[in-house]
Amino acid sequence: MTAPRPGIALVGCGAIAASAHLPGIHPSPFELRAVCDMDRARVERFKQDQKLPGSVRVCASLDEVLALPGIDAVSVATPPASHAFLSIQALDAGKHVLCEKPSALSSRENWAICAAVERNPGRTIQFFSSRFRNGHARAARQYVREGRIGRPYRAEIQFWLPAARTCDRGGPPWFGQKALAGGGPFMDMGQYFLDRLFYILDWPRWHSVSAQAFTGFPTGYDAKVVYDVEDHMSLFARGDDGLVLTLDTTARVNQHWRWSSAIHGSEGSLVLDNTAEKKGVFLTDRDGVTVEEDLPVHEPGQDMQVRLEQLAAFMATGAPFELGTDARQALAISSFCEAAYRSASDGTEIEMEDAA
Amino acid sequence: MNPTVKLGLAGCGGAFANDRAELAKDPAYGVSAVWDAEPAAAQAGAQAFPKAAACSSYAELLARADVDAVILTADASERAALACAALEAGKHVLCEGCGGRSPEEVDRILEAARANGKIAAFHAARLRLAGFTALARTYATPERLGRVYRVEAVLHRPARENSVPPEARAIFPDAGAYLLDQALDLLGWPKLEALTAQIVPHGATGEHACVYARLAGGIAFTLDVAASDRLRPRHALTILGDRGGLAIDHAKGGRGFSFIEEAPGMRAKLMESKPFFAFDPWGTSLRSFREAIESGKATEGTTPAQARELARWLALARASADQKREVRNLAETLAAV
């Protein structure tokens, strides 16, 4: 007789639930036992549209989900404003949590998530990361750890998409509302880039940030619809040992696309560029001649199935969960983002201790 | 035809190597003397000009009666002192870059020019005077760009092309000044409100500098200049506005010039694209320098006020990099040391 599969509930029935969460659950070690959304009609429609089996329960609140038997984990796919309280409620009910990025709207919310993890030993929360996109991050981290790039002094993140703003592509309006989304592209795709870079650099400490944000592109929305997030964020941050990070994240840009991260060290550079033919390279010089070598690919991928396989391994053996951003890491990212927004708003450099 | 202006050349490094061919073929100029701190470089430099003598000292060059003007491409750390000495010796001076590493150094040059009734001109406009910048200028208007909010100027070149000695590391003051001059001129010289910077030595002769600035009008500006054999070569200027964005990308394999603007449906649409093409900024600078000598006023290139502003940027960047913080006011920043 085989052991029953662990059960999972999907909370939030929007586009990302259908496109990213659901497809990974079916082939994973987990069985989908419930779907949940505040709008019961919407969740009924979701169940029907996605052809979910009759055994999958329909819930209109997390309380309903948590009262069900056989729910071991919750996958949160709601707007960011609800991530913290849903996650904390699920953790305190003894569930494991996988949650979309960004982790929360503020570092204060992130502290509360960390506290919930502390008081629920054996439970984990993992926020969605994109650190294994194209499969070079592990190798890049190894290069840094082995000193092959020497002392890292500069990191760059460039995310420019000509039309990346979700609301321009028929997405939900909350993407444009700071109260619900926490911010614009910096709080959306920016989280992925920061997580991957910080992972490669072993989570460096940041001391100060100078940032500027621009909002001004037309939205095409009715004038009554709130749109108050940035279209473009740029920043310059100073970290440990003289490390500097520069970053650009855009929702709209009238130029060619960029999708890259780079780390420059005293002995060489790492470039992870989604727009290039070679998506992961190491550059150094030998006898004054530039040498470029491809980074190896040895990563498991980053889709929902892999997340759930890692979660199942964690539940069975306590194996470390490498793919997701944990609560402490999420706190580091949200403190960084908070300082950047404050710098952009105040028009001056912000010391990170202030932000935290 | 006898040359109108008899020149002494001070400095036979990278800038000299770039410009000597242009200088040799300009009939308005004749090179009488060449000097470099390295005697062998001076000897080699003089051979590029049939009537030029190699001088063993800068004083020897300045003492020559057949030198009316000095073109100064010596290391940036020496330039202000050498320029003042030339002006005091009764020579006109064309300084490479913005002449000094601080506004005070530029002021000293200008004061020496005033006191001696000579012309002090600055050559930071290498990129500004280039043909592709002229093309960009036709798009760098409020009508085409809308509100400008982001500017990025990048030059990563191999360190092996860096001809300066390791201690000079001239990539930042000179290449930085060229890129700044080009970008700021296209933007109409917006006021610098604050900047933060990192400048690190790189390899034996290289340097990597990154400046992030706040400009009036809410423009975020990045200047990224490196001489390194461990980076991919890049050379680009990008100006983003809410109606359109232009980019000059002239690294090998780069896109050349492109202008992209907002299209119906809030999509970006490529409106113009041209491959990189060659340019001749030095000829324009030489012509302008000669005009200034003849009429007392230059018509093109970097003005004294612009040279001073560029030097302020460079000095603030050095101060910010040293103090590892965002800085606003140069006098206050230096006083805080």
# chains A, B, ... in the order shown; residues from 1 in each chain; ligands from 1

$ interface_residues --of "chain A" --to "chain B" --cutoff "7 Å" --atoms "only C-alpha atoms" --output "list in words"
Pro162, Ala163, Gln212, Phe214, Gly216, Phe217, Phe236, Asn254, Gln255, Ser266, Gly268, Ser269, Leu283, Thr284, Asp285, Gly288, Val289, Thr290 and Glu349 of chain A

$ write_last_selection --atoms "C-alpha atoms" --output "short mmCIF file (atom, residue, chain, number, x, y, z; two decimals), in the first residue's frame"
data_model
loop_
_atom_site.label_atom_id
_atom_site.label_comp_id
_atom_site.auth_asym_id
_atom_site.auth_seq_id
_atom_site.Cartn_x
_atom_site.Cartn_y
_atom_site.Cartn_z
CA PRO A 162 9.68 47.61 -24.01
CA ALA A 163 6.23 46.62 -22.71
CA GLN A 212 15.44 57.45 -8.43
CA PHE A 214 10.04 57.68 -12.68
CA GLY A 216 4.82 59.13 -16.21
CA PHE A 217 3.94 56.79 -19.03
CA PHE A 236 23.25 52.66 -6.77
CA ASN A 254 11.43 53.05 -25.43
CA GLN A 255 14.58 51.11 -26.18
CA SER A 266 39.24 42.17 -9.45
CA GLY A 268 37.15 38.53 -13.74
CA SER A 269 33.48 39.07 -14.49
CA LEU A 283 35.39 36.69 -18.50
CA THR A 284 38.97 37.12 -17.41
CA ASP A 285 42.27 37.90 -19.05
CA GLY A 288 46.45 40.83 -21.54
CA VAL A 289 44.04 38.87 -23.74
CA THR A 290 40.39 38.62 -22.78
CA GLU A 349 20.93 58.55 -0.11
#

$ select_by_dssp --residues "stretch 21-245 of chain A" --states "alpha helix (DSSP H)" --output "ChimeraX atom specification"
/A:22-25,40-49,62-67,83-92,107-118,137-145,178-181,189-200

$ residues_around --residues "stretch 116-132 of chain A" --least-positions-apart "6" --cutoff "10 Å" --atoms "only C-alpha atoms" --output "PyMOL selection string"
chain A and resi 72-76+83+87-104+110+138+189+191-200+297-304+307+311+314-315+318+321-330

$ select_by_dssp --residues "stretch 255-314 of chain B" --states "strand (DSSP E)" --output "list in words"
Gly256, Phe257, Ser258, Phe259, Ile260, Glu261, Glu262, Ala263, Arg267, Ala268, Lys269, Leu270, Met271, Glu272, Ser273 and Lys274 of chain B

$ atom_distance --atom1 "atom CA of A:Thr78" --atom2 "atom CA of A:Gln310"
21.9 Å

$ residues_around --residues "B:Thr4" --least-positions-apart "2" --cutoff "10 Å" --atoms "only C-alpha atoms" --output "ChimeraX atom specification"
/B:1-2,6-7,27-30,68,290,293-294

$ write_last_selection --atoms "N, CA, C and O atoms" --output "mmCIF file, in the first residue's frame"
data_model
loop_
_atom_site.group_PDB
_atom_site.id
_atom_site.type_symbol
_atom_site.label_atom_id
_atom_site.label_comp_id
_atom_site.auth_asym_id
_atom_site.auth_seq_id
_atom_site.Cartn_x
_atom_site.Cartn_y
_atom_site.Cartn_z
ATOM 1 N N MET B 1 51.830 76.769 -48.676
ATOM 2 C CA MET B 1 51.110 77.629 -47.725
ATOM 3 C C MET B 1 51.779 77.520 -46.348
ATOM 4 O O MET B 1 52.037 76.430 -45.837
ATOM 5 N N ASN B 2 52.085 78.678 -45.771
ATOM 6 C CA ASN B 2 52.658 78.653 -44.431
ATOM 7 C C ASN B 2 51.553 78.424 -43.415
ATOM 8 O O ASN B 2 50.460 78.976 -43.546
ATOM 9 N N LYS B 6 51.637 77.860 -35.324
ATOM 10 C CA LYS B 6 52.779 76.964 -35.112
ATOM 11 C C LYS B 6 52.644 76.324 -33.729
ATOM 12 O O LYS B 6 52.498 77.026 -32.727
ATOM 13 N N LEU B 7 52.686 75.014 -33.751
ATOM 14 C CA LEU B 7 52.304 74.264 -32.547
ATOM 15 C C LEU B 7 53.473 73.612 -31.835
ATOM 16 O O LEU B 7 54.434 73.157 -32.472
ATOM 17 N N PRO B 27 46.538 71.920 -43.044
ATOM 18 C CA PRO B 27 47.521 72.911 -43.504
ATOM 19 C C PRO B 27 47.557 74.174 -42.652
ATOM 20 O O PRO B 27 48.510 74.958 -42.736
ATOM 21 N N ALA B 28 46.534 74.380 -41.848
ATOM 22 C CA ALA B 28 46.515 75.576 -41.012
ATOM 23 C C ALA B 28 47.466 75.469 -39.831
ATOM 24 O O ALA B 28 47.778 76.454 -39.183
ATOM 25 N N TYR B 29 47.876 74.248 -39.543
ATOM 26 C CA TYR B 29 48.764 74.036 -38.403
ATOM 27 C C TYR B 29 50.110 73.488 -38.863
ATOM 28 O O TYR B 29 50.177 72.695 -39.809
ATOM 29 N N GLY B 30 51.131 73.885 -38.158
ATOM 30 C CA GLY B 30 52.443 73.278 -38.366
ATOM 31 C C GLY B 30 53.023 72.909 -37.023
ATOM 32 O O GLY B 30 53.008 73.731 -36.097
ATOM 33 N N ASP B 68 53.548 78.963 -31.249
ATOM 34 C CA ASP B 68 52.527 79.957 -30.891
ATOM 35 C C ASP B 68 51.526 79.387 -29.888
ATOM 36 O O ASP B 68 50.943 80.122 -29.097
ATOM 37 N N ARG B 290 41.637 77.340 -33.877
ATOM 38 C CA ARG B 290 42.260 78.352 -34.741
ATOM 39 C C ARG B 290 41.397 79.608 -34.795
ATOM 40 O O ARG B 290 41.900 80.736 -34.718
ATOM 41 N N ILE B 293 41.890 81.578 -31.686
ATOM 42 C CA ILE B 293 43.163 82.302 -31.681
ATOM 43 C C ILE B 293 43.058 83.550 -32.547
ATOM 44 O O ILE B 293 43.532 84.628 -32.189
ATOM 45 N N GLU B 294 42.369 83.397 -33.697
ATOM 46 C CA GLU B 294 42.293 84.520 -34.642
ATOM 47 C C GLU B 294 41.290 85.577 -34.195
ATOM 48 O O GLU B 294 41.504 86.770 -34.383
#
